[in-house]
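Novice: Got a file for you: model.cif, mmCIF, C-alpha atoms.
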data_target
#
loop_
_atom_site.label_atom_id
_atom_site.label_comp_id
_atom_site.auth_asym_id
_atom_site.auth_seq_id
_atom_site.Cartn_x
_atom_site.Cartn_y
_atom_site.Cartn_z
CA MET A 275 -19.39 -9.57 17.55
CA GLU A 276 -20.88 -7.12 15.05
CA PRO A 277 -19.59 -3.64 14.20
CA ARG A 278 -21.59 -0.57 15.17
CA ALA A 279 -23.65 1.26 12.57
CA GLY A 280 -21.96 4.06 10.66
CA VAL A 281 -18.45 2.76 11.26
CA SER A 282 -15.27 3.17 9.23
CA LYS A 283 -12.72 0.52 8.36
CA GLN A 284 -10.52 1.78 11.17
CA ASP A 285 -13.40 1.54 13.64
CA ILE A 286 -13.82 -2.13 12.73
CA ARG A 287 -10.06 -2.76 13.06
CA GLU A 288 -9.94 -1.18 16.51
CA GLN A 289 -13.01 -3.11 17.63
CA ILE A 290 -11.49 -6.42 16.53
CA TRP A 291 -8.07 -5.70 18.05
CA ASP A 292 -9.57 -4.54 21.35
CA TYR A 293 -11.85 -7.57 21.58
CA MET A 294 -9.08 -10.09 20.84
CA GLU A 295 -6.87 -8.56 23.51
CA SER A 296 -9.60 -8.16 26.15
CA GLN A 297 -10.83 -11.75 25.65
CA ASN A 298 -7.27 -13.13 25.56
CA ILE A 299 -7.86 -14.57 22.10
CA ALA A 300 -4.74 -12.86 20.82
CA ASP A 301 -1.46 -14.76 20.62
CA PHE A 302 2.19 -13.79 20.09
CA PRO A 303 3.21 -11.21 18.95
CA ARG A 304 1.19 -8.93 21.21
CA PRO A 305 -0.40 -6.50 21.42
CA VAL A 306 -2.11 -7.28 18.13
CA HIS A 307 -3.04 -3.67 17.38
CA HIS A 308 -1.80 -2.47 13.98
CA ARG A 309 -1.02 -6.06 12.95
CA ILE A 310 -2.66 -8.93 11.15
CA PRO A 311 -3.57 -10.47 14.51
CA ASN A 312 -2.29 -13.87 15.52
CA PHE A 313 -4.73 -15.85 17.63
CA LYS A 314 -5.01 -18.96 19.72
CA GLY A 315 -6.12 -21.76 17.39
CA SER A 316 -4.50 -20.34 14.25
CA TYR A 317 -2.77 -23.66 13.47
CA ARG A 318 -6.10 -25.47 13.75
CA ALA A 319 -7.66 -22.96 11.35
CA CYS A 320 -4.77 -23.45 8.93
CA GLN A 321 -5.31 -27.21 8.89
CA ASN A 322 -8.73 -26.66 7.33
CA ILE A 323 -7.07 -25.67 4.06
CA ARG A 324 -6.34 -29.36 3.45
CA ASP A 325 -10.07 -29.86 2.88
CA LEU A 326 -10.10 -27.41 -0.02
CA GLU A 327 -9.81 -28.79 -3.55
CA VAL A 328 -8.17 -25.53 -4.62
CA PHE A 329 -5.30 -26.28 -2.24
CA ALA A 330 -5.01 -29.94 -3.24
CA ARG A 331 -4.55 -29.10 -6.93
CA ALA A 332 -2.40 -25.99 -6.42
CA ARG A 333 1.26 -26.23 -7.37
CA GLU A 334 2.39 -22.66 -6.63
CA VAL A 335 0.97 -21.01 -3.52
CA LYS A 336 1.51 -17.42 -2.43
CA VAL A 337 1.15 -17.01 1.35
CA ASP A 338 1.62 -13.74 3.22
CA PRO A 339 4.34 -13.68 5.92
CA ASP A 340 1.91 -13.00 8.79
CA LYS A 341 2.25 -15.12 11.92
CA PRO A 342 -1.28 -16.67 11.85
CA LEU A 343 -0.54 -18.05 8.35
CA GLU A 344 2.51 -20.02 9.49
CA GLY A 345 0.53 -23.28 9.49
CA VAL A 346 -0.42 -22.83 5.81
CA ARG A 347 3.18 -22.16 4.85
CA LEU A 348 4.21 -25.38 6.64
CA LEU A 349 1.47 -27.42 4.89
CA ALA A 350 2.55 -26.05 1.51
CA LEU A 351 6.15 -27.12 2.14
CA GLN A 352 5.13 -30.52 3.49
CA SER A 353 2.99 -31.04 0.37
CA LYS A 354 6.02 -30.15 -1.79
CA LYS A 355 4.30 -27.16 -3.33
CA THR A 356 6.21 -24.10 -4.50
CA LEU A 357 5.85 -21.57 -1.68
CA LEU A 358 6.07 -17.88 -2.53
CA VAL A 359 6.14 -15.28 0.25
CA PRO A 360 6.05 -11.51 -0.38
CA THR A 361 9.17 -9.65 0.67
CA PRO A 362 8.64 -7.49 3.78
CA ARG A 363 6.96 -4.26 2.67
CA LEU A 364 8.02 -5.12 -0.89
CA ARG A 365 11.34 -3.31 -0.38
CA THR A 366 13.50 -5.75 -2.35
CA GLY A 367 11.00 -7.19 -4.82
CA LEU A 368 7.65 -8.91 -4.86
CA PHE A 369 8.27 -12.58 -4.00
CA ASN A 370 10.75 -14.81 -2.26
CA LYS A 371 10.64 -18.50 -3.07
CA ILE A 372 11.14 -20.62 0.04
CA THR A 373 13.57 -23.41 -0.78
CA PRO A 374 14.19 -25.91 2.04
CA PRO A 375 17.61 -27.56 2.07
CA PRO A 376 17.90 -31.06 0.53
CA GLY A 377 16.69 -33.78 2.88
CA ALA A 378 14.96 -31.26 5.16
CA THR A 379 13.48 -32.80 8.28
CA LYS A 380 10.07 -31.95 9.73
CA ASP A 381 11.77 -29.59 12.18
CA THR A 382 13.60 -27.86 9.35
CA LEU A 383 10.37 -27.42 7.41
CA ARG A 384 8.75 -25.91 10.49
CA LYS A 385 11.61 -23.46 10.70
CA CYS A 386 11.28 -22.64 6.98
CA ALA A 387 7.64 -21.71 7.58
CA THR A 388 8.53 -19.14 10.27
CA SER A 389 9.54 -15.53 9.64
CA GLN A 390 13.14 -16.49 10.43
CA GLY A 391 12.98 -19.35 7.95
CA VAL A 392 11.53 -17.07 5.28
CA ARG A 393 14.65 -14.92 5.66
CA SER A 394 17.10 -17.80 5.83
CA TYR A 395 15.79 -20.15 3.12
CA SER A 396 14.44 -17.76 0.51
CA THR A 397 15.49 -16.93 -3.03
CA PRO A 398 14.26 -13.72 -4.70
CA VAL A 399 11.91 -14.18 -7.65
CA GLY A 400 12.56 -11.59 -10.35
CA LEU A 401 9.96 -9.55 -12.15
CA ASP A 402 10.73 -11.40 -15.39
CA SER A 403 10.30 -14.85 -13.84
CA ARG A 404 7.41 -16.84 -15.25
CA VAL A 405 5.30 -17.15 -12.11
CA LEU A 406 1.79 -18.57 -12.22
CA VAL A 407 0.20 -18.56 -8.78
CA ASP A 408 -2.54 -21.16 -8.28
CA LEU A 409 -3.68 -20.04 -4.83
CA VAL A 410 -3.36 -16.82 -2.80
CA VAL A 411 -3.54 -16.86 1.02
CA VAL A 412 -3.80 -13.51 2.80
CA GLY A 413 -4.13 -12.37 6.39
CA SER A 414 -7.03 -10.20 7.52
CA VAL A 415 -8.12 -8.10 10.47
CA ALA A 416 -11.78 -8.56 9.59
CA VAL A 417 -13.70 -10.42 6.90
CA SER A 418 -17.36 -10.98 6.09
CA GLU A 419 -19.14 -14.15 5.02
CA LYS A 420 -19.66 -12.37 1.68
CA GLY A 421 -15.88 -12.30 1.17
CA TRP A 422 -15.28 -8.63 1.90
CA ARG A 423 -11.98 -8.08 3.65
CA ILE A 424 -10.30 -5.44 5.81
CA GLY A 425 -6.53 -5.55 6.36
CA LYS A 426 -4.41 -3.65 8.86
CA GLY A 427 -4.66 -0.45 6.84
CA GLU A 428 -1.35 -0.25 4.98
CA GLY A 429 -2.65 -1.71 1.72
CA TYR A 430 0.16 -4.18 1.06
CA ALA A 431 -2.02 -7.24 0.44
CA ASP A 432 -4.16 -5.27 -2.03
CA LEU A 433 -1.05 -3.90 -3.74
CA GLU A 434 0.64 -7.31 -3.90
CA TYR A 435 -2.43 -8.77 -5.59
CA ALA A 436 -2.64 -5.87 -8.05
CA MET A 437 1.07 -6.29 -8.86
CA MET A 438 0.54 -10.01 -9.48
CA VAL A 439 -2.29 -9.18 -11.89
CA THR A 440 -0.03 -6.72 -13.70
CA MET A 441 2.69 -9.40 -13.94
CA GLY A 442 0.19 -11.97 -15.22
CA ALA A 443 0.81 -14.18 -12.17
CA VAL A 444 -2.88 -14.34 -11.19
CA SER A 445 -6.23 -13.98 -12.91
CA GLU A 446 -9.82 -13.35 -11.86
CA GLU A 447 -10.21 -17.12 -11.41
CA THR A 448 -7.28 -17.47 -8.96
CA PRO A 449 -8.86 -18.33 -5.57
CA VAL A 450 -8.06 -16.23 -2.52
CA VAL A 451 -8.19 -17.68 1.02
CA THR A 452 -7.92 -15.96 4.39
CA ILE A 453 -7.31 -17.44 7.86
CA VAL A 454 -8.99 -15.72 10.84
CA HIS A 455 -10.50 -16.35 14.25
CA ASP A 456 -14.27 -16.73 14.40
CA CYS A 457 -14.58 -13.34 16.10
CA GLN A 458 -13.01 -11.69 13.05
CA VAL A 459 -15.91 -12.76 10.81
CA VAL A 460 -18.24 -9.77 10.91
CA ASP A 461 -20.65 -7.85 8.70
CA ILE A 462 -18.80 -5.23 6.67
CA PRO A 463 -20.83 -2.45 5.00
CA GLU A 464 -20.37 -2.60 1.24
CA ALA A 465 -20.02 1.18 1.21
CA LEU A 466 -16.60 0.79 2.83
CA LEU A 467 -15.21 -1.20 -0.10
CA GLU A 468 -13.10 0.42 -2.80
CA GLY A 469 -12.13 -0.78 -6.25
CA HIS A 470 -8.59 -1.72 -5.22
CA ASP A 471 -9.73 -3.87 -2.26
CA ILE A 472 -9.07 -7.58 -2.65
CA THR A 473 -11.95 -9.95 -1.84
CA VAL A 474 -11.70 -13.57 -0.67
CA ASP A 475 -13.30 -16.78 -1.85
CA TYR A 476 -12.75 -18.88 1.29
CA VAL A 477 -12.64 -17.97 4.97
CA LEU A 478 -11.05 -20.52 7.32
CA THR A 479 -11.51 -20.30 11.09
CA PRO A 480 -10.78 -22.84 13.85
CA THR A 481 -14.39 -24.06 13.57
CA ARG A 482 -15.60 -23.22 10.07
CA VAL A 483 -14.84 -23.39 6.36
CA ILE A 484 -16.80 -20.64 4.60
CA ALA A 485 -17.13 -20.58 0.82
CA THR A 486 -18.12 -16.96 0.25
CA GLY A 487 -19.30 -17.23 -3.34
CA CYS A 488 -18.14 -13.63 -3.69
CA GLN A 489 -19.19 -12.08 -7.00
CA ARG A 490 -17.54 -8.69 -6.46
CA PRO A 491 -14.77 -8.26 -9.07
CA LYS A 492 -11.20 -8.40 -7.84
CA PRO A 493 -8.72 -5.66 -8.77
CA THR A 494 -7.68 -5.83 -12.43
CA GLY A 495 -4.28 -4.23 -11.93
CA ILE A 496 -2.50 -1.42 -10.13
CA THR A 497 -4.58 1.70 -9.54
CA TRP A 498 -1.76 4.20 -10.08
CA SER A 499 -3.84 7.13 -8.86
CA LYS A 500 -3.78 5.47 -5.41
CA ILE A 501 0.04 5.22 -5.41
CA SER A 502 2.00 8.05 -3.79
CA CYS A 503 5.46 9.32 -4.63
CA GLU A 504 6.59 8.12 -1.20
CA MET A 505 5.42 4.60 -1.99
CA MET A 506 7.25 4.70 -5.32
CA GLU A 507 10.43 5.64 -3.47
CA LYS A 508 10.08 2.77 -1.00
CA ILE A 509 9.12 0.05 -3.50
CA PRO A 510 11.58 -0.14 -6.42
CA ILE A 511 9.63 -2.86 -8.25
CA LEU A 512 6.72 -0.44 -8.57
CA ARG A 513 8.90 1.87 -10.64
CA ARG A 514 9.69 -0.94 -13.07
CA LEU A 515 6.07 -2.00 -13.35
CA ARG A 516 5.02 1.60 -13.88
CA GLU A 517 7.48 2.00 -16.75
CA ARG A 518 6.13 -1.17 -18.37
CA GLU A 519 2.59 0.11 -18.07
CA ARG A 520 3.62 3.51 -19.43
CA GLN A 521 5.21 1.88 -22.47
CA ALA A 522 2.00 -0.09 -22.97
CA GLY A 523 0.13 3.20 -23.24
CA LYS A 524 -1.71 2.99 -19.91
CA ASP A 525 -2.49 5.91 -17.61
CA VAL A 526 0.13 5.79 -14.85
CA THR A 527 -0.60 9.15 -13.22
CA LEU A 528 0.29 8.99 -9.53
CA GLN A 529 -1.73 10.30 -6.61
CA ASP A 530 0.62 13.26 -6.10
CA GLU A 531 0.70 14.11 -9.80
CA LEU A 532 -3.04 14.77 -9.78
CA TRP A 533 -2.05 18.15 -8.24
CA HIS A 534 -0.08 19.15 -11.31
CA PRO A 535 -1.11 22.75 -12.14
CA SER A 536 -1.82 21.91 -15.77
CA SER A 537 -4.85 19.96 -14.56
CA LEU A 538 -6.22 22.88 -12.57
CA GLN A 539 -8.16 25.91 -13.79
CA LYS A 540 -6.06 29.04 -13.97
CA VAL A 541 -6.98 31.89 -11.63
CA PRO A 542 -7.78 35.13 -13.48
CA PRO A 543 -5.12 37.76 -12.72
CA SER A 544 -7.69 40.18 -11.35
CA THR A 545 -8.60 37.74 -8.58
CA VAL A 546 -5.05 37.23 -7.28
CA THR A 547 -4.25 39.22 -4.16
CA ARG A 548 -0.78 40.70 -3.96
CA PRO A 549 0.99 39.81 -0.69
CA GLN A 550 1.86 42.78 1.51
CA HIS A 551 5.54 43.44 2.16
CA GLU A 552 6.82 42.36 5.55
CA PRO A 553 10.21 43.13 7.07
CA GLY A 554 12.77 40.41 6.54
CA LEU A 555 11.32 39.09 3.33
CA GLU A 556 14.40 40.20 1.41
CA ASP A 557 16.53 37.92 3.55
CA ASP A 558 14.44 34.84 2.80
CA SER A 559 16.16 32.02 0.90
CA VAL A 560 13.23 31.87 -1.53
CA GLY A 561 13.37 34.39 -4.37
CA ALA A 562 10.70 35.42 -6.84
CA ALA A 563 11.35 35.40 -10.54
CA PRO A 564 12.29 38.90 -11.75
CA GLY A 565 9.23 40.92 -12.62
CA SER A 566 6.76 38.40 -11.25
CA LEU A 567 5.52 40.74 -8.51
CA GLU A 568 6.53 44.05 -10.07
CA GLY A 569 5.52 46.06 -13.10
CA GLU A 570 2.47 47.62 -14.62
CA GLY A 571 -1.02 46.19 -14.74
CA PRO A 572 -2.94 44.07 -12.24
CA PRO A 573 -0.96 42.02 -9.69
CA ARG A 574 -0.01 38.55 -10.89
CA ALA A 575 0.62 35.28 -9.09
CA ALA A 576 4.30 34.74 -8.37
CA ASP A 577 6.59 32.12 -9.88
CA ILE A 578 8.70 31.00 -6.93
CA TYR A 579 12.00 29.34 -7.85
CA VAL A 580 13.65 27.23 -5.18
CA GLY A 581 17.33 26.38 -5.61
CA ASN A 582 20.06 24.36 -3.88
CA LEU A 583 17.72 21.55 -2.87
CA PRO A 584 19.19 18.09 -2.21
CA ARG A 585 18.29 15.55 -4.89
CA ASP A 586 16.32 13.49 -2.35
CA ALA A 587 14.18 16.45 -1.22
CA HIS A 588 10.51 15.55 -0.76
CA LEU A 589 7.51 17.66 -1.64
CA GLU A 590 6.96 18.46 2.03
CA ASN A 591 10.25 20.40 1.96
CA ILE A 592 8.67 22.71 -0.57
CA ARG A 593 5.39 22.97 1.31
CA LYS A 594 7.25 24.13 4.42
CA ILE A 595 8.22 27.45 2.79
CA ASN A 596 7.95 30.10 5.52
CA ASP A 597 4.35 31.23 5.78
CA THR A 598 5.08 34.55 7.55
CA SER A 599 4.72 36.58 4.37
CA PHE A 600 1.30 35.14 3.59
CA ARG A 601 -0.44 34.73 6.93
CA THR A 602 -3.20 37.15 5.99
CA GLN A 603 -3.31 36.32 2.30
CA GLN A 604 -4.77 33.47 0.33
CA THR A 605 -2.09 32.98 -2.28
CA TRP A 606 -1.23 30.37 -4.85
CA LEU A 607 2.49 29.71 -5.20
CA LEU A 608 3.75 28.03 -8.33
CA ALA A 609 7.10 26.46 -7.55
CA SER A 610 9.57 25.03 -10.02
CA VAL A 611 12.00 22.65 -8.33
CA LEU A 612 15.51 23.45 -9.52
CA SER A 613 18.70 21.49 -9.09
CA PRO A 614 21.83 23.25 -7.70
CA SER A 615 22.95 23.81 -11.29
CA GLY A 616 19.82 25.84 -11.93
CA THR A 617 18.30 23.45 -14.44
CA ALA A 618 14.94 21.76 -14.07
CA SER A 619 15.42 18.37 -12.40
CA SER A 620 13.20 15.36 -11.98
CA HIS A 621 11.74 14.54 -8.59
CA ARG A 622 13.38 11.21 -7.94
CA SER A 623 10.73 9.65 -5.75
CA CYS A 624 8.02 10.30 -8.34
CA GLY A 625 10.06 9.47 -11.40
CA ILE A 626 8.61 12.64 -12.95
CA SER A 627 10.51 14.05 -15.91
CA GLN A 628 11.61 17.66 -16.40
CA ASN A 629 9.74 20.78 -15.35
CA PHE A 630 7.78 19.28 -12.48
CA HIS A 631 5.69 22.01 -10.83
CA LEU A 632 4.13 22.05 -7.39
CA LEU A 633 1.05 24.12 -6.66
CA VAL A 634 0.86 25.02 -2.97
CA HIS A 635 -2.27 26.57 -1.51
CA LYS A 636 -1.46 28.82 1.45
CA ARG A 637 -4.58 29.25 3.52
CA ALA A 638 -5.48 32.29 5.56
#
With the file now loaded, output its structure as structure tokens.
Specialist:
Amino acid sequence: MEPRAGVSKQDIREQIWDYMESQNIADFPRPVHHRIPNFKGSYRACQNIRDLEVFARAREVKVDPDKPLEGVRLLALQSKKTLLVPTPRLRTGLFNKITPPPGATKDTLRKCATSQGVRSYSTPVGLDSRVLVDLVVVGSVAVSEKGWRIGKGEGYADLEYAMMVTMGAVSEETPVVTIVHDCQVVDIPEALLEGHDITVDYVLTPTRVIATGCQRPKPTGITWSKISCEMMEKIPILRRLRERERQAGKDVTLQDELWHPSSLQKVPPSTVTRPQHEPGLEDDSVGAAPGSLEGEGPPRAADIYVGNLPRDAHLENIRKINDTSFRTQQTWLLASVLSPSGTASSHRSCGISQNFHLLVHKRA
């Protein structure tokens, strides 16, 4: 099965998911859409990792928690390797170390390899722990024989790898393996790849072991400009890593911060259109700074001060300022987010310090 010409990553995902369901290749949990798809024969594909020298010599193995990788997690435990599994959506940290109870039976090890076992037999691995991962195993929705990979679209595998690089847990030489069904091995246009996308060195299917010989460089760390404020809020460990990188003098500007007005060209006053008065504007909860719309000379853009916002307010709350006054205007609003006390406050989810400004473009 080959993707159509001119497709996007999402087109390829949908094509794979649809095919696996229609051909009954998919296995529990179903439907496989929006997941790393499990498939009939996944355990057989996992067994092929025993033939890899990189697995035989590995002592610490990081395996994603996806269902089709359960067989690899079991083999790692049976081989008495240190098994590291990322925490779900990275909410409580980066890794959990799976520690079977003393004298664990084969049945207990099988349970440890499941999602339930990952929850029941895991110990968090702190950011300061000296972790050196010898082998990385990731799930995929699609992968090419060249080693180019497409995940389910949420970016966690790419982010986990970038975080491991930042921690010093992996290097460019650390091999990456993926487990897929044969139908998931497709041609992927190189134009779809981005700098933060992880590539793979081995592709294991129920019938094949593919050494990709991929020469495309792997991510060299976290691309902060791809990280949103929302992601920073959801993943506490990112905030700690960001502070470390900041102290090391690296550029840690977030995706949302690229909209900071200081990075944009100022609009000449003569080009700013003054909004027409509309009834009811006086009663609005948003007030303009004194003198910002009044006085002599050409009209000026307004400084809009918003008060009494909850500390966990998101940027969208600011963007939802009533548009009725500006429906026929094309106006730039410069908003300073103020705390109830009237002093400039940081936006918690971004970790931005004082005087954070938001530039909102109201379109006609």
Novice: State, in Å with one decimal place, the distance from atom CA of A:Tyr293 to atom CA of A:Leu433.
Specialist: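 Calculated distance between atom CA of A:Tyr293 and atom CA of A:Leu433 is 27.8 Å.
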Novice: Can you spell out as a ChimeraX atom specification the set of residues that the PyMOL selection byres ((chain A and resi 482) around 10) selects in the structure I just provided?
Specialist: /A:319,322,455-456,477-481,483-485
Novice: From the list A:Ser282, A:Thr397, A:Asn312, A:Thr361, which residue is nearest A:Pro374 when using all atoms listed in the file?
Specialist: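 The closest residue to A:Pro374 is A:Thr397.
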Novice: Tell me which of A:Pro449, A:Gly391, A:Gly487, A:Pro303 sits closest to A:Val411, counting only C-alpha atoms.
Specialist: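 The shortest atom-to-atom distance to A:Val411 comes from A:Pro449.
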Novice: Could you work out how far atom CA of A:Gly469 lies from atom CA of A:Pro491, giving the answer in Å with one decimal?
Specialist: 8.4 Å
Novice: Hey, which of A:Gln489, A:Ser316, A:Gln289, A:Thr373 ends up closest to A:Gly345? Count all atoms listed in the file.
Specialist: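 Of A:Gln489, A:Ser316, A:Gln289, A:Thr373, the one nearest A:Gly345, counting all atoms listed in the file, is A:Ser316.
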Novice: Find the residue from A:Glu334, A:Glu434, A:Glu428, A:Glu419 that sits nearest to A:Val460; use only C-alpha atoms when measuring.
Specialist: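 Nearest to A:Val460: A:Glu419.
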Novice: Let me have the centre and edge lengths of the axis-aligned box enclosing all listed atoms of stretch 463-468 of chain A with 3 Å padding on every side, in Å to one decimal, as JSON.
Specialist:
{"center_x": -17.0, "center_y": -0.7, "center_z": 1.1, "size_x": 13.7, "size_y": 9.8, "size_z": 13.8}
Novice: Fewer than 6 positions away in the same chain doesn't count, so skip those; otherwise give me all residues within 6 Å of A:Gly495, counting all atoms listed in the file, as a compact mmCIF listing (two decimals) with C-alpha atoms, in the coordinates of the input.
Specialist:
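Final output, saved to result-v4.txt:
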# COMPACT_ATOMS: atom_id res chain seq x y z
CA ALA A 436 -2.64 -5.87 -8.05
CA VAL A 439 -2.29 -9.18 -11.89
CA THR A 440 -0.03 -6.72 -13.70
Novice: Could you work out how far atom CA of A:Lys492 lies from atom CA of A:Trp422, giving the answer in Å with one decimal?
Specialist: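 Spanning atom CA of A:Trp422 to atom CA of A:Lys492 is a straight-line distance of 10.6 Å.
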Novice: From the list A:Pro463, A:Gly400, A:Gly413, A:Gly421, which residue is nearest A:Glu344 when using only C-alpha atoms?
Specialist: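 Nearest candidate to A:Glu344 out of A:Pro463, A:Gly400, A:Gly413, A:Gly421: A:Gly413.
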Novice: So which one's closest to A:Ser414, A:Arg324, A:Arg520, A:Arg318, A:Arg309? Using only C-alpha atoms, please.
Specialist: A:Arg309
Novice: Please output stretch 341-366 of chain A, rebuilt to include N, CA and C atoms, as a PDB file, keeping the file's coordinate frame.
Specialist:
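Wrote part_23.pdb, looks like this:
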ATOM      1  N   LYS A 341       2.116 -14.032  10.952  1.00  0.00           N
ATOM      2  CA  LYS A 341       2.250 -15.120  11.920  1.00  0.00           C
ATOM      3  C   LYS A 341       1.089 -16.117  11.887  1.00  0.00           C
ATOM      4  N   PRO A 342      -0.186 -15.675  11.828  1.00  0.00           N
ATOM      5  CA  PRO A 342      -1.280 -16.670  11.850  1.00  0.00           C
ATOM      6  C   PRO A 342      -1.335 -17.553  10.608  1.00  0.00           C
ATOM      7  N   LEU A 343      -0.555 -17.244   9.564  1.00  0.00           N
ATOM      8  CA  LEU A 343      -0.540 -18.050   8.350  1.00  0.00           C
ATOM      9  C   LEU A 343       0.617 -19.045   8.331  1.00  0.00           C
ATOM     10  N   GLU A 344       1.349 -19.136   9.423  1.00  0.00           N
ATOM     11  CA  GLU A 344       2.510 -20.020   9.490  1.00  0.00           C
ATOM     12  C   GLU A 344       2.139 -21.472   9.211  1.00  0.00           C
ATOM     13  N   GLY A 345       0.972 -21.898   9.706  1.00  0.00           N
ATOM     14  CA  GLY A 345       0.530 -23.280   9.490  1.00  0.00           C
ATOM     15  C   GLY A 345       0.289 -23.597   8.022  1.00  0.00           C
ATOM     16  N   VAL A 346      -0.204 -22.618   7.250  1.00  0.00           N
ATOM     17  CA  VAL A 346      -0.420 -22.830   5.810  1.00  0.00           C
ATOM     18  C   VAL A 346       0.922 -22.928   5.093  1.00  0.00           C
ATOM     19  N   ARG A 347       1.857 -22.083   5.479  1.00  0.00           N
ATOM     20  CA  ARG A 347       3.180 -22.160   4.850  1.00  0.00           C
ATOM     21  C   ARG A 347       3.808 -23.529   5.095  1.00  0.00           C
ATOM     22  N   LEU A 348       3.657 -24.062   6.320  1.00  0.00           N
ATOM     23  CA  LEU A 348       4.210 -25.380   6.640  1.00  0.00           C
ATOM     24  C   LEU A 348       3.520 -26.466   5.798  1.00  0.00           C
ATOM     25  N   LEU A 349       2.188 -26.422   5.678  1.00  0.00           N
ATOM     26  CA  LEU A 349       1.470 -27.420   4.890  1.00  0.00           C
ATOM     27  C   LEU A 349       1.884 -27.371   3.421  1.00  0.00           C
ATOM     28  N   ALA A 350       2.113 -26.173   2.899  1.00  0.00           N
ATOM     29  CA  ALA A 350       2.550 -26.050   1.510  1.00  0.00           C
ATOM     30  C   ALA A 350       3.901 -26.714   1.304  1.00  0.00           C
ATOM     31  N   LEU A 351       4.822 -26.500   2.247  1.00  0.00           N
ATOM     32  CA  LEU A 351       6.150 -27.120   2.140  1.00  0.00           C
ATOM     33  C   LEU A 351       6.064 -28.625   2.307  1.00  0.00           C
ATOM     34  N   GLN A 352       5.276 -29.085   3.280  1.00  0.00           N
ATOM     35  CA  GLN A 352       5.130 -30.520   3.490  1.00  0.00           C
ATOM     36  C   GLN A 352       4.484 -31.210   2.290  1.00  0.00           C
ATOM     37  N   SER A 353       3.653 -30.483   1.568  1.00  0.00           N
ATOM     38  CA  SER A 353       2.990 -31.040   0.370  1.00  0.00           C
ATOM     39  C   SER A 353       3.840 -30.862  -0.877  1.00  0.00           C
ATOM     40  N   LYS A 354       5.076 -30.351  -0.687  1.00  0.00           N
ATOM     41  CA  LYS A 354       6.020 -30.150  -1.790  1.00  0.00           C
ATOM     42  C   LYS A 354       5.492 -29.204  -2.867  1.00  0.00           C
ATOM     43  N   LYS A 355       4.749 -28.206  -2.423  1.00  0.00           N
ATOM     44  CA  LYS A 355       4.300 -27.160  -3.330  1.00  0.00           C
ATOM     45  C   LYS A 355       5.344 -26.045  -3.375  1.00  0.00           C
ATOM     46  N   THR A 356       5.344 -25.278  -4.432  1.00  0.00           N
ATOM     47  CA  THR A 356       6.210 -24.100  -4.500  1.00  0.00           C
ATOM     48  C   THR A 356       5.595 -23.017  -3.627  1.00  0.00           C
ATOM     49  N   LEU A 357       6.348 -22.566  -2.624  1.00  0.00           N
ATOM     50  CA  LEU A 357       5.850 -21.570  -1.680  1.00  0.00           C
ATOM     51  C   LEU A 357       6.480 -20.214  -1.991  1.00  0.00           C
ATOM     52  N   LEU A 358       5.635 -19.246  -2.284  1.00  0.00           N
ATOM     53  CA  LEU A 358       6.070 -17.880  -2.530  1.00  0.00           C
ATOM     54  C   LEU A 358       5.576 -16.993  -1.397  1.00  0.00           C
ATOM     55  N   VAL A 359       6.481 -16.189  -0.850  1.00  0.00           N
ATOM     56  CA  VAL A 359       6.140 -15.280   0.250  1.00  0.00           C
ATOM     57  C   VAL A 359       6.557 -13.868  -0.150  1.00  0.00           C
ATOM     58  N   PRO A 360       5.670 -12.892  -0.033  1.00  0.00           N
ATOM     59  CA  PRO A 360       6.050 -11.510  -0.380  1.00  0.00           C
ATOM     60  C   PRO A 360       7.213 -11.028   0.490  1.00  0.00           C
ATOM     61  N   THR A 361       8.086 -10.233  -0.105  1.00  0.00           N
ATOM     62  CA  THR A 361       9.170  -9.650   0.670  1.00  0.00           C
ATOM     63  C   THR A 361       8.593  -8.609   1.618  1.00  0.00           C
ATOM     64  N   PRO A 362       9.182  -8.445   2.808  1.00  0.00           N
ATOM     65  CA  PRO A 362       8.640  -7.490   3.780  1.00  0.00           C
ATOM     66  C   PRO A 362       8.497  -6.100   3.177  1.00  0.00           C
ATOM     67  N   ARG A 363       7.286  -5.596   3.184  1.00  0.00           N
ATOM     68  CA  ARG A 363       6.960  -4.260   2.670  1.00  0.00           C
ATOM     69  C   ARG A 363       7.431  -4.040   1.241  1.00  0.00           C
ATOM     70  N   LEU A 364       7.680  -5.143   0.539  1.00  0.00           N
ATOM     71  CA  LEU A 364       8.020  -5.120  -0.890  1.00  0.00           C
ATOM     72  C   LEU A 364       9.274  -4.308  -1.187  1.00  0.00           C
ATOM     73  N   ARG A 365      10.166  -4.181  -0.200  1.00  0.00           N
ATOM     74  CA  ARG A 365      11.340  -3.310  -0.380  1.00  0.00           C
ATOM     75  C   ARG A 365      12.321  -3.846  -1.403  1.00  0.00           C
ATOM     76  N   THR A 366      12.469  -5.178  -1.478  1.00  0.00           N
ATOM     77  CA  THR A 366      13.500  -5.750  -2.350  1.00  0.00           C
ATOM     78  C   THR A 366      12.919  -6.548  -3.515  1.00  0.00           C
TER      79      THR A 366
END
